[in-house]
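Undergrad: Sharing protein20.csv (CSV, C-alpha atoms and all ligand atoms) below.
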chain,number,residue,atom,x,y,z
A,108,MET,CA,-4.9,-24.1,-14.8
A,109,ARG,CA,-6.4,-25.0,-11.5
A,110,SER,CA,-7.1,-21.8,-9.7
A,111,ILE,CA,-6.3,-21.6,-6.0
A,112,VAL,CA,-7.8,-18.7,-4.4
A,113,HIS,CA,-8.0,-17.8,-0.7
A,114,THR,CA,-10.6,-15.3,0.5
A,115,ILE,CA,-10.4,-13.0,3.5
A,116,THR,CA,-13.5,-11.1,4.4
A,117,VAL,CA,-13.1,-7.4,5.4
A,118,GLN,CA,-15.8,-6.3,7.8
A,119,THR,CA,-16.7,-2.6,7.9
A,120,ALA,CA,-19.4,-0.4,9.3
A,121,SER,CA,-21.0,-0.2,5.9
A,122,GLY,CA,-20.9,-3.9,5.1
A,123,GLU,CA,-18.3,-6.6,4.2
A,124,TYR,CA,-16.3,-7.5,1.1
A,125,PRO,CA,-14.1,-10.3,0.0
A,126,VAL,CA,-10.4,-10.0,-0.7
A,127,SER,CA,-9.4,-13.0,-2.9
A,128,ILE,CA,-5.8,-13.8,-3.2
A,129,GLY,CA,-4.1,-16.3,-5.5
A,130,ASN,CA,-4.6,-17.0,-9.1
A,131,ALA,CA,-7.5,-14.7,-8.8
A,132,LEU,CA,-7.8,-13.8,-12.4
A,133,SER,CA,-7.6,-17.3,-13.8
A,134,GLY,CA,-11.0,-18.6,-14.7
A,135,SER,CA,-14.1,-16.5,-14.7
A,136,VAL,CA,-14.3,-13.9,-12.0
A,137,VAL,CA,-17.8,-13.0,-13.4
A,138,LYS,CA,-19.1,-16.4,-12.4
A,139,ARG,CA,-17.2,-16.6,-9.2
A,140,PHE,CA,-18.3,-13.2,-8.0
A,141,SER,CA,-21.7,-13.2,-9.7
A,142,ALA,CA,-23.3,-11.0,-7.0
A,143,ILE,CA,-20.9,-8.2,-8.0
A,144,PHE,CA,-20.5,-8.7,-11.7
A,145,SER,CA,-23.7,-10.1,-13.1
A,146,GLN,CA,-26.5,-7.9,-14.3
A,147,ARG,CA,-24.1,-5.0,-14.9
A,148,LYS,CA,-24.9,-3.2,-18.1
A,149,ASN,CA,-21.7,-1.2,-18.0
A,150,VAL,CA,-18.3,-2.2,-16.7
A,151,TYR,CA,-15.3,0.2,-16.9
A,152,VAL,CA,-11.6,-0.6,-16.3
A,153,LEU,CA,-9.2,2.1,-15.2
A,154,THR,CA,-5.6,1.1,-15.8
A,155,SER,CA,-2.3,2.4,-17.2
A,156,PRO,CA,-1.0,1.8,-20.7
A,157,GLU,CA,2.0,-0.2,-19.4
A,158,ILE,CA,-0.2,-2.6,-17.3
A,159,TRP,CA,-2.7,-2.9,-20.1
A,160,SER,CA,0.0,-3.9,-22.6
A,161,LEU,CA,1.2,-6.7,-20.3
A,162,TRP,CA,-2.0,-8.0,-18.8
A,163,SER,CA,-5.1,-7.0,-20.8
A,164,ALA,CA,-5.5,-10.5,-22.3
A,165,ARG,CA,-5.6,-12.1,-18.8
A,166,LEU,CA,-8.1,-9.6,-17.5
A,167,LEU,CA,-10.4,-9.6,-20.5
A,168,ALA,CA,-10.5,-13.4,-20.5
A,169,ALA,CA,-11.4,-13.4,-16.8
A,170,LEU,CA,-14.2,-10.9,-17.3
A,171,LEU,CA,-15.9,-12.7,-20.2
A,172,PRO,CA,-18.7,-12.4,-21.2
A,173,LEU,CA,-18.4,-8.8,-20.0
A,174,GLU,CA,-16.7,-6.4,-22.4
A,175,PRO,CA,-15.5,-3.5,-20.4
A,176,VAL,CA,-14.7,0.0,-21.7
A,177,VAL,CA,-11.1,0.9,-20.8
A,178,LEU,CA,-10.0,4.2,-19.4
A,179,PHE,CA,-6.3,5.1,-19.0
A,180,LEU,CA,-4.3,7.0,-16.5
A,181,ARG,CA,-0.6,7.5,-17.3
A,182,SER,CA,1.8,5.8,-14.8
A,183,GLY,CA,3.3,7.9,-12.0
A,184,GLU,CA,2.5,9.7,-8.8
A,185,GLN,CA,2.3,13.0,-10.7
A,186,PHE,CA,-0.9,11.9,-12.4
A,187,LYS,CA,-2.7,11.3,-9.1
A,188,ARG,CA,-4.4,14.7,-9.4
A,189,LEU,CA,-7.9,16.2,-9.4
A,190,GLY,CA,-7.5,17.3,-13.0
A,191,GLU,CA,-7.2,13.7,-14.0
A,192,VAL,CA,-10.2,12.7,-12.0
A,193,GLU,CA,-12.3,15.3,-13.8
A,194,ARG,CA,-11.1,14.0,-17.2
A,195,LEU,CA,-11.9,10.4,-16.2
A,196,ALA,CA,-15.3,11.4,-14.9
A,197,SER,CA,-16.0,13.1,-18.2
A,198,GLU,CA,-15.0,10.0,-20.0
A,199,LEU,CA,-17.3,7.9,-17.9
A,200,ALA,CA,-20.2,10.3,-18.6
A,201,GLY,CA,-19.3,10.3,-22.3
A,202,ALA,CA,-19.4,6.5,-22.3
A,203,GLY,CA,-22.8,6.4,-20.6
A,204,ALA,CA,-21.8,5.3,-17.1
A,205,ASP,CA,-24.7,5.5,-14.6
A,206,ARG,CA,-25.3,4.7,-11.0
A,207,SER,CA,-25.4,1.0,-11.7
A,208,SER,CA,-22.0,0.9,-13.5
A,209,LEU,CA,-19.0,-0.9,-12.0
A,210,LEU,CA,-15.5,0.5,-12.2
A,211,ILE,CA,-12.5,-1.9,-11.9
A,212,ALA,CA,-9.2,-0.3,-10.8
A,213,PHE,CA,-6.6,-2.5,-12.4
A,214,GLY,CA,-3.1,-1.3,-11.4
A,215,GLY,CA,-0.9,-0.3,-8.6
A,216,GLY,CA,-1.7,2.0,-5.7
A,217,VAL,CA,-2.0,5.1,-7.9
A,218,ILE,CA,-4.6,3.5,-10.1
A,219,GLY,CA,-6.3,2.1,-7.0
A,220,ASP,CA,-6.4,5.5,-5.2
A,221,VAL,CA,-7.6,7.4,-8.2
A,222,GLY,CA,-10.1,4.7,-9.3
A,223,GLY,CA,-11.5,4.5,-5.8
A,224,PHE,CA,-11.9,8.3,-5.6
A,225,LEU,CA,-13.5,8.5,-9.0
A,226,ALA,CA,-15.9,5.7,-7.9
A,227,ALA,CA,-16.6,7.6,-4.6
A,228,ILE,CA,-17.7,10.8,-6.3
A,229,TYR,CA,-19.0,9.9,-9.8
A,230,MET,CA,-22.8,10.3,-9.5
A,231,ARG,CA,-22.2,10.5,-5.7
A,232,GLY,CA,-20.8,7.0,-5.6
A,233,ILE,CA,-20.7,3.9,-7.8
A,234,ASP,CA,-19.4,0.4,-7.1
A,235,TYR,CA,-15.9,-0.5,-7.8
A,236,VAL,CA,-13.5,-3.5,-7.5
A,237,GLN,CA,-9.8,-3.3,-6.8
A,238,MET,CA,-7.6,-5.6,-8.9
A,239,PRO,CA,-4.2,-4.6,-7.5
A,240,THR,CA,-1.1,-5.4,-9.7
A,241,THR,CA,1.8,-4.3,-7.5
A,242,LEU,CA,2.9,-5.9,-4.3
A,243,LEU,CA,2.3,-2.7,-2.5
A,244,ALA,CA,-1.2,-2.5,-3.7
A,245,GLN,CA,-1.9,-6.1,-2.9
A,246,VAL,CA,-0.6,-6.1,0.6
A,247,ASP,CA,-1.7,-2.6,1.6
A,248,SER,CA,-3.4,0.1,-0.5
A,249,SER,CA,-6.2,-1.9,-2.1
A,250,VAL,CA,-7.6,-2.8,1.3
A,251,GLY,CA,-9.1,-0.3,3.8
A,252,GLY,CA,-11.2,2.1,1.6
A,253,LYS,CA,-8.9,5.1,1.6
A,254,THR,CA,-9.0,6.8,-1.8
A,255,GLY,CA,-7.7,10.1,-3.0
A,256,VAL,CA,-5.4,12.3,-4.9
A,257,ASN,CA,-2.5,14.7,-4.2
A,258,LEU,CA,-2.4,18.5,-4.1
A,259,ARG,CA,0.6,20.6,-4.7
A,260,ALA,CA,0.5,21.2,-0.9
A,261,GLY,CA,0.9,17.5,-0.1
A,262,LYS,CA,0.1,13.9,-0.8
A,263,ASN,CA,-3.4,12.5,-0.4
A,264,LEU,CA,-4.8,15.8,0.8
A,265,VAL,CA,-8.1,15.3,-1.1
A,266,GLY,CA,-10.0,12.0,-0.8
A,267,SER,CA,-12.7,10.0,0.8
A,268,PHE,CA,-13.4,6.7,2.4
A,269,HIS,CA,-15.0,4.4,-0.1
A,270,HIS,CA,-14.7,0.6,0.2
A,271,PRO,CA,-14.5,-1.6,-2.9
A,272,ARG,CA,-17.1,-4.3,-3.4
A,273,ALA,CA,-14.2,-6.8,-3.7
A,274,VAL,CA,-10.5,-7.0,-4.0
A,275,LEU,CA,-9.0,-9.6,-6.4
A,276,ALA,CA,-5.3,-9.9,-6.0
A,277,ASP,CA,-3.7,-12.1,-8.6
A,278,THR,CA,-0.1,-12.8,-7.5
A,279,HIS,CA,0.8,-14.1,-10.9
A,280,VAL,CA,0.7,-10.5,-12.4
A,281,LEU,CA,3.6,-9.6,-10.0
A,282,SER,CA,5.9,-11.6,-12.3
A,283,THR,CA,6.4,-8.5,-14.5
A,284,LEU,CA,7.0,-6.1,-11.7
A,285,SER,CA,10.5,-4.7,-11.4
A,286,THR,CA,12.6,-6.0,-8.5
A,287,ARG,CA,12.8,-2.5,-7.1
A,288,GLU,CA,9.0,-2.1,-7.0
A,289,LEU,CA,8.6,-5.6,-5.6
A,290,ARG,CA,11.0,-4.9,-2.7
A,291,ALA,CA,9.4,-1.5,-2.1
A,292,GLY,CA,6.1,-3.2,-1.6
A,293,LEU,CA,7.6,-5.8,0.6
A,294,HIS,CA,8.6,-3.1,3.1
A,295,GLU,CA,4.9,-2.6,3.8
A,296,SER,CA,4.6,-6.4,4.6
A,297,ILE,CA,7.7,-6.1,6.9
A,298,LYS,CA,5.8,-3.3,8.6
A,299,ALA,CA,2.7,-5.5,8.9
A,300,GLY,CA,4.8,-8.2,10.6
A,301,LEU,CA,6.7,-5.8,12.9
A,302,ILE,CA,3.5,-4.1,14.2
A,303,ARG,CA,1.2,-7.1,14.6
A,304,ASP,CA,2.3,-10.4,13.1
A,305,ALA,CA,5.6,-11.8,14.3
A,306,ALA,CA,5.1,-15.0,12.3
A,307,LEU,CA,4.8,-12.9,9.1
A,308,PHE,CA,8.0,-11.1,10.0
A,309,ARG,CA,9.8,-14.4,10.6
A,310,PHE,CA,8.5,-15.8,7.3
A,311,ILE,CA,9.8,-12.8,5.3
A,312,GLU,CA,13.1,-13.0,7.2
A,313,LYS,CA,13.6,-16.6,6.1
A,314,ASN,CA,12.3,-16.2,2.5
A,315,THR,CA,13.8,-13.1,1.1
A,316,PRO,CA,15.5,-14.9,-1.8
A,317,ALA,CA,12.3,-16.8,-2.7
A,318,ILE,CA,10.4,-13.6,-2.7
A,319,ASP,CA,12.9,-12.0,-5.1
A,320,ARG,CA,12.3,-15.1,-7.3
A,321,ARG,CA,8.6,-14.5,-7.1
A,322,GLU,CA,7.8,-18.0,-5.9
A,323,PRO,CA,4.0,-18.1,-6.1
A,324,GLY,CA,3.4,-19.9,-2.8
A,325,VAL,CA,5.6,-17.5,-0.9
A,326,LEU,CA,4.1,-14.4,-2.4
A,327,GLU,CA,0.6,-15.6,-1.8
A,328,LYS,CA,1.4,-16.3,1.8
A,329,ILE,CA,2.8,-12.8,2.3
A,330,VAL,CA,-0.1,-11.1,0.7
A,331,ARG,CA,-2.6,-13.2,2.7
A,332,ALA,CA,-0.9,-12.5,6.0
A,333,SER,CA,-0.5,-8.8,5.3
A,334,VAL,CA,-4.2,-8.4,4.1
A,335,ARG,CA,-5.4,-10.4,7.2
A,336,MET,CA,-3.5,-8.0,9.5
A,337,LYS,CA,-4.7,-4.9,7.7
A,338,SER,CA,-8.3,-6.1,7.5
A,339,GLU,CA,-8.4,-6.8,11.3
A,340,VAL,CA,-7.1,-3.4,12.1
A,341,VAL,CA,-9.4,-1.7,9.6
A,342,HIS,CA,-12.3,-3.6,11.1
A,343,LEU,CA,-11.5,-2.5,14.6
A,344,ASP,CA,-10.9,1.1,13.7
A,345,GLU,CA,-12.2,2.1,10.3
A,346,ARG,CA,-11.7,5.8,10.5
A,347,GLU,CA,-8.3,5.9,12.2
A,348,SER,CA,-9.2,7.2,15.5
A,349,GLY,CA,-7.1,4.8,17.4
A,350,LEU,CA,-5.6,1.4,16.5
A,351,ARG,CA,-5.4,2.1,12.8
A,352,MET,CA,-2.6,4.5,13.5
A,353,ILE,CA,-0.2,1.6,14.0
A,354,LEU,CA,-0.3,1.2,10.3
A,355,ASN,CA,1.7,4.4,10.1
A,356,PHE,CA,4.7,2.7,11.6
A,357,GLY,CA,7.7,4.1,9.7
A,358,HIS,CA,5.5,6.6,7.9
A,359,THR,CA,6.0,9.7,9.9
A,360,ILE,CA,9.7,10.0,8.9
A,361,GLY,CA,9.0,8.0,5.7
A,362,HIS,CA,6.6,10.7,4.5
A,363,ALA,CA,9.1,13.4,5.4
A,364,ILE,CA,11.8,11.7,3.4
A,365,GLU,CA,9.4,11.5,0.4
A,366,ALA,CA,8.5,15.1,0.7
A,367,ALA,CA,12.1,16.3,1.2
A,368,GLY,CA,13.0,14.5,-2.0
A,369,GLY,CA,10.2,16.0,-4.0
A,370,TYR,CA,8.6,12.5,-4.2
A,371,GLY,CA,11.1,11.5,-6.9
A,372,ALA,CA,14.2,10.2,-5.0
A,373,LEU,CA,12.8,7.2,-3.2
A,374,LEU,CA,9.8,5.0,-3.8
A,375,HIS,CA,7.2,5.1,-1.0
A,376,GLY,CA,8.2,1.7,0.4
A,377,GLU,CA,11.9,2.6,0.3
A,378,ALA,CA,11.2,5.8,2.3
A,379,VAL,CA,9.1,3.8,4.8
A,380,ALA,CA,12.1,1.4,5.1
A,381,TRP,CA,14.3,4.2,6.4
A,382,GLY,CA,11.4,5.5,8.4
A,383,MET,CA,11.1,2.1,10.1
A,384,VAL,CA,14.9,2.2,10.8
A,385,VAL,CA,14.4,5.5,12.6
A,386,ALA,CA,11.4,4.3,14.6
A,387,LEU,CA,13.3,1.1,15.6
A,388,ARG,CA,16.2,3.2,16.8
A,389,ILE,CA,13.9,5.4,19.0
A,390,SER,CA,12.3,2.2,20.4
A,391,ARG,CA,15.7,0.8,21.3
A,392,ASN,CA,16.9,4.1,22.8
A,393,ARG,CA,13.8,4.0,25.1
A,394,ASN,CA,14.6,0.4,26.1
A,395,TYR,CA,11.3,-0.7,24.5
A,396,LEU,CA,13.5,-3.1,22.4
A,397,THR,CA,16.7,-4.8,23.1
A,398,ALA,CA,19.6,-4.0,20.8
A,399,ALA,CA,19.4,-7.6,19.5
A,400,VAL,CA,15.8,-7.2,18.4
A,401,GLU,CA,16.4,-3.8,16.9
A,402,GLU,CA,19.4,-5.2,14.9
A,403,ARG,CA,17.4,-8.2,13.7
A,404,ALA,CA,14.6,-6.0,12.4
A,405,VAL,CA,17.0,-3.6,10.7
A,406,ARG,CA,18.9,-6.5,9.2
A,407,VAL,CA,15.7,-7.7,7.4
A,408,ILE,CA,15.0,-4.2,6.1
A,409,VAL,CA,18.4,-3.4,4.8
A,410,ALA,CA,18.8,-6.9,3.3
A,411,LEU,CA,16.4,-5.5,0.6
A,412,ASP,CA,19.0,-2.9,-0.2
A,413,PRO,CA,16.9,0.3,-0.1
A,414,PRO,CA,18.7,3.0,-2.0
A,415,PRO,CA,20.8,5.3,0.2
A,416,LEU,CA,19.0,8.0,2.2
A,417,PRO,CA,19.5,11.3,0.3
A,418,SER,CA,21.6,13.7,2.3
A,419,PHE,CA,18.9,15.7,4.0
A,420,SER,CA,19.7,17.2,7.4
A,421,ALA,CA,18.0,15.6,10.4
A,422,LYS,CA,16.6,19.1,11.2
A,423,ARG,CA,14.9,19.4,7.8
A,424,LEU,CA,13.3,16.0,8.1
A,425,LEU,CA,12.1,16.8,11.6
A,426,THR,CA,10.5,20.1,10.4
A,427,ILE,CA,8.7,18.4,7.6
A,428,ALA,CA,7.6,15.5,9.9
A,429,SER,CA,6.1,18.1,12.3
A,430,ARG,CA,3.8,19.3,9.5
A,431,ASP,CA,2.5,15.7,8.7
A,432,LYS,CA,-1.2,15.7,8.6
A,433,LYS,CA,-1.2,12.7,11.0
A,434,ASN,CA,0.1,14.9,13.8
A,435,ARG,CA,-2.4,16.2,16.2
A,436,ALA,CA,-1.9,19.8,17.3
A,437,GLY,CA,0.8,20.2,19.9
A,438,SER,CA,2.1,16.7,20.1
A,439,ARG,CA,4.2,14.5,17.9
A,440,ARG,CA,2.6,11.1,17.6
A,441,PHE,CA,4.9,8.2,16.8
A,442,VAL,CA,4.4,4.5,16.4
A,443,LEU,CA,7.1,2.6,18.2
A,444,LEU,CA,7.7,-1.1,18.9
A,445,GLN,CA,7.8,-3.0,22.2
A,446,GLY,CA,8.8,-6.2,20.5
A,447,ILE,CA,8.4,-7.8,17.1
A,448,GLY,CA,4.6,-7.8,16.4
A,449,GLN,CA,3.9,-5.3,19.2
A,450,ALA,CA,3.3,-1.7,18.2
A,451,VAL,CA,2.6,1.1,20.6
A,452,VAL,CA,1.5,4.6,19.8
A,453,VAL,CA,3.2,7.3,21.9
A,454,GLU,CA,2.6,11.1,22.1
A,455,ASP,CA,5.8,12.2,23.9
A,456,VAL,CA,8.6,11.7,21.5
A,457,SER,CA,11.0,14.6,21.7
A,458,ASP,CA,12.7,16.5,18.9
A,459,ALA,CA,16.1,15.3,20.4
A,460,GLU,CA,15.1,11.7,20.2
A,461,VAL,CA,14.0,12.0,16.6
A,462,THR,CA,17.0,14.0,15.6
A,463,GLU,CA,19.4,11.4,17.1
A,464,ALA,CA,17.6,8.5,15.4
A,465,ILE,CA,17.6,10.3,12.0
A,466,ALA,CA,21.3,11.1,12.3
A,467,ALA,CA,22.0,7.4,13.2
A,468,ALA,CA,20.0,6.2,10.1
A,469,ILE,CA,21.9,8.7,7.9
A,470,ALA,CA,25.2,7.4,9.3
A,471,MET,CA,24.1,3.8,8.6
A,472,SER,CA,23.1,4.6,5.1
A,473,ARG,CA,26.5,6.4,4.4
A,474,ALA,CA,28.4,3.5,5.9
A,475,ARG,CA,26.6,1.0,3.7
A,476,GLN,CA,27.4,3.1,0.6
A,477,ALA,CA,31.0,3.3,1.5
A,478,ARG,CA,31.3,-0.4,1.6
B,501,LIG,N1,-5.1,3.9,-0.1
B,501,LIG,C1,-4.2,3.5,0.7
B,501,LIG,O1,-4.5,3.0,1.8
B,501,LIG,C2,-2.7,3.5,0.3
B,501,LIG,C3,-1.8,2.8,1.1
B,501,LIG,C4,-0.5,2.9,0.7
B,501,LIG,C5,-0.1,3.5,-0.5
B,501,LIG,N2,-1.1,4.2,-1.2
B,501,LIG,C6,-0.7,4.9,-2.4
B,501,LIG,O2,-0.2,4.0,-3.4
B,501,LIG,C7,0.6,4.6,-4.3
B,501,LIG,C8,1.8,3.8,-4.6
B,501,LIG,O3,1.4,2.6,-5.2
B,501,LIG,P1,2.4,1.6,-6.0
B,501,LIG,O4,3.6,1.5,-5.2
B,501,LIG,O5,1.6,0.4,-6.4
B,501,LIG,O6,2.9,2.5,-7.2
B,501,LIG,P2,2.3,2.7,-8.7
B,501,LIG,O7,0.8,2.6,-8.7
B,501,LIG,O8,2.8,4.0,-9.1
B,501,LIG,O9,2.9,1.5,-9.5
B,501,LIG,C9,4.3,1.4,-9.6
B,501,LIG,C10,4.8,1.2,-11.0
B,501,LIG,O10,4.6,-0.2,-11.4
B,501,LIG,C11,4.0,-0.3,-12.6
B,501,LIG,N3,3.2,-1.6,-12.5
B,501,LIG,C12,2.1,-1.8,-11.8
B,501,LIG,N4,1.8,-3.1,-11.9
B,501,LIG,C13,2.7,-3.7,-12.7
B,501,LIG,C14,2.9,-5.0,-13.1
B,501,LIG,N5,2.1,-6.0,-12.7
B,501,LIG,N6,4.0,-5.3,-13.9
B,501,LIG,C15,4.8,-4.3,-14.3
B,501,LIG,N7,4.7,-3.0,-13.9
B,501,LIG,C16,3.6,-2.7,-13.1
B,501,LIG,C17,3.1,0.9,-12.7
B,501,LIG,O11,2.8,1.3,-14.0
B,501,LIG,C18,4.1,2.0,-12.1
B,501,LIG,O12,5.0,2.4,-13.0
B,501,LIG,C19,0.9,6.0,-3.7
B,501,LIG,O13,0.2,7.0,-4.4
B,501,LIG,C20,0.4,5.9,-2.3
B,501,LIG,O14,0.0,7.1,-1.8
B,501,LIG,C21,-2.4,4.2,-0.8
B,502,ZN,ZN,2.7,3.0,3.2
Represent the structure from my file as structure tokens, please.

TA:
Amino acid sequence: MRSIVHTITVQTASGEYPVSIGNALSGSVVKRFSAIFSQRKNVYVLTSPEIWSLWSARLLAALLPLEPVVLFLRSGEQFKRLGEVERLASELAGAGADRSSLLIAFGGGVIGDVGGFLAAIYMRGIDYVQMPTTLLAQVDSSVGGKTGVNLRAGKNLVGSFHHPRAVLADTHVLSTLSTRELRAGLHESIKAGLIRDAALFRFIEKNTPAIDRREPGVLEKIVRASVRMKSEVVHLDERESGLRMILNFGHTIGHAIEAAGGYGALLHGEAVAWGMVVALRISRNRNYLTAAVEERAVRVIVALDPPPLPSFSAKRLLTIASRDKKNRAGSRRFVLLQGIGQAVVVEDVSDAEVTEAIAAAIAMSRARQAR
């Protein structure tokens, strides 16, 4: 098979790394990325049993002549925990991993976040490569260097910034992803389009059926545009002191929905979908957006049929949103839109505005269910 791979370079304060998108795991990645893979005595793969049963043959063929040691983390957000990191670090030590070892995180965002964190702290930091296998991980979580695990007190409360040496996103592996997971990941690309890339938004708007069919060219284009957007933002603001905050569009309320549901009711991307509906409503109420633009954006989001919003009260979501770690003391920071592709960060969104918009989203969700 001819391998078509596009590479985007992410530039960071500590150096730069390639994100290769396409049939990234066909052919020898060892040869193609010799600077990263050659002369490694020890290569380790972190993955989940499900992903390994589907895609081990493709990965092992791509890594030849390297023969990696495989470590497993069970699937699910509940395994993104410090206890698992300790177990995995002990397994690395038991298998003889040293400072020059390379870890490959081969899975969705959970594997990527745990693998990245393990690489950040094992022997005070070893190299790792992200090979994301979900759409969410390909368009979002594998790029940007945020790694970490959850505490009982909340998501991603322990972690570190540690950039991978490379990201290799093979859109072919998305063929086995469930439609629900695929669509949840697509919401992060819709977000990317809404905040900074109107052309990407229009592309998704026109191609939703082709995305559901996993047409390779279409998926590749979406991953490329989303990664390009994120890498630009990360380059301009690596540590999230300014611009990078726009990536949280839909996430203030999205995180509150996830927390209120005990992280089981909706997938992350689905919660973000409803969070974006809320942020769009506030933007429209402030006349930042016309009704027509708001409706157009909402139409693309709900066309993916996010599961109904569980029946939390607006007040409960607001209380949880106020605890979000991304809020600075005393003010509620919100990302709103001033047009498709134009995000703005504001500090003065009132409780009343948020409550009204949440109530409107709940009403919309109920009306859709009743149909
Ligand atoms: N670091 C960041 O910047 C960042 C950004 C966004 C999200 N995240 C994190 O990402 C996580 C969510 O990631 P996710 O949505 O990828 O979920 P996930 O990693 O839990 O994967 C979802 C499910 O898909 C399965 N799967 C993965 N690849 C598959 C494939 N190719 N075929 C079939 N099944 C496959 C997994 O086993 C799992 O059951 C969250 O923990 C979130 O906090 C991190
Ligand atoms: Zn997200």

Undergrad: Taking all atoms listed in the file into account, report as a ChimeraX atom specification which residues have an atom no farther than 8 Å from an atom of ligand LIG 501 (chain B).

TA: /A:155-158,161-162,181-184,187,214-220,239-244,247-256,262-263,280-285,288,291-292,374-376

Undergrad: Could you check the closest approach to Val112 (chain A) for each of A:Gly368, A:Gly446, A:Pro172, A:Pro323 and tell me which residue wins, using all atoms listed in the file?

TA: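 Closest candidate: A:Pro323.
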
Undergrad: Starting from the point (17.0, 8.6, -3.6), work out which residues of protein, DNA or RNA have an atom no more than 8 Å away when counting all atoms listed in the file; state them as an NGL selection string.

TA: :A and (368 or 371-373 or 414-417)

Undergrad: Given all atoms listed in the file as the basis, pick out the residue of A:Ile297, A:Ala142, A:Leu258, A:Leu424 nearest to ligand ZN 502 (chain B).

TA: A:Ile297

Undergrad: Using all atoms listed in the file for the distances, tell me which of A:Arg331, A:Arg440, A:His358, A:Arg231 is nearest to Glu454 (chain A).

TA: A:Arg440

Undergrad: Between CA of Asn257 (chain A) and CA of Arg194 (chain A), what is the distance in Å, rounded to a tenth?

TA: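 CA of Arg194 (chain A) lies at a distance of 15.6 Å from CA of Asn257 (chain A).
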
Undergrad: As a count of residues only, please: the residues near Gly448 (chain A) (cut-off 6 Å, all atoms listed in the file, same-chain neighbours under 5 positions excluded).

TA: 6

Undergrad: Considering all atoms listed in the file, state which residue in the set A:Phe356, A:Tyr395, A:Phe441, A:Tyr370 is at the smallest distance from ligand ZN 502 (chain B).

TA: A:Phe356

Undergrad: Which is closest to Thr154 (chain A) among A:Ala477, A:Leu210, A:Leu396, A:Val341, if we use all atoms listed in the file?

TA: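 For Thr154 (chain A), the nearest of the given residues is A:Leu210.
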
Undergrad: For ligand ZN 502 (chain B), which residue among A:Gly361, A:Gly129, A:Gly324, A:Gly261 is the nearest when counting only C-alpha atoms and all ligand atoms?

TA: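 Distance minimum relative to ligand ZN 502 (chain B) lands on A:Gly361.
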
Undergrad: Near Glu460 (chain A), counting all atoms listed in the file, which residues have an atom at most 12 Å away, once you skip same-chain residues fewer than 6 positions from it, shown as a list in words?

TA: Val385, Ala386, Leu387, Arg388, Ile389, Ser390, Arg391, Asn392, Arg393, Ala421, Lys422, Leu425, Arg439, Phe441, Ala466 and Ala467 of chain A

Undergrad: Excluding region 307-319 of chain A and any residue of its chain fewer than 4 positions from it, enumerate the residues within 8 Å of it, using only C-alpha atoms, and give them as a list in words.

TA: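 Selected residues are Thr286, Leu289, Arg290, Ser296, Ile297, Ala299, Gly300, Leu301, Val325, Leu326, Ile329, Ala332, Ser333, Val407, Ile447 and Gly448 of chain A.
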
Undergrad: Just the residues within 12 Å of Phe144 (chain A), please, counting only C-alpha atoms, with nothing from its chain fewer than 5 positions along; format it as a VMD selection string.

TA: chain A and resid 135 to 139 149 to 151 169 to 175 207 to 211 234 to 236 272 to 273

Undergrad: Could you work out how far CA of Leu178 (chain A) lies from CA of Glu198 (chain A), giving the answer in Å with one decimal?

TA: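 Spanning CA of Glu198 (chain A) to CA of Leu178 (chain A) is a straight-line distance of 7.7 Å.
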
Undergrad: So what do you get for CA of Glu191 (chain A) versus CA of Val221 (chain A), distance-wise?

TA: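 A separation of 8.6 Å between them.
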
Undergrad: Identify, on the basis of only C-alpha atoms, every residue whose closest approach to Glu345 (chain A) does not exceed 10 Å; exclude the query and any residue fewer than 4 positions from it along the same chain; express the result as a PyMOL selection string.

TA: chain A and resi 118-120+251-253+268+338-341+349-351
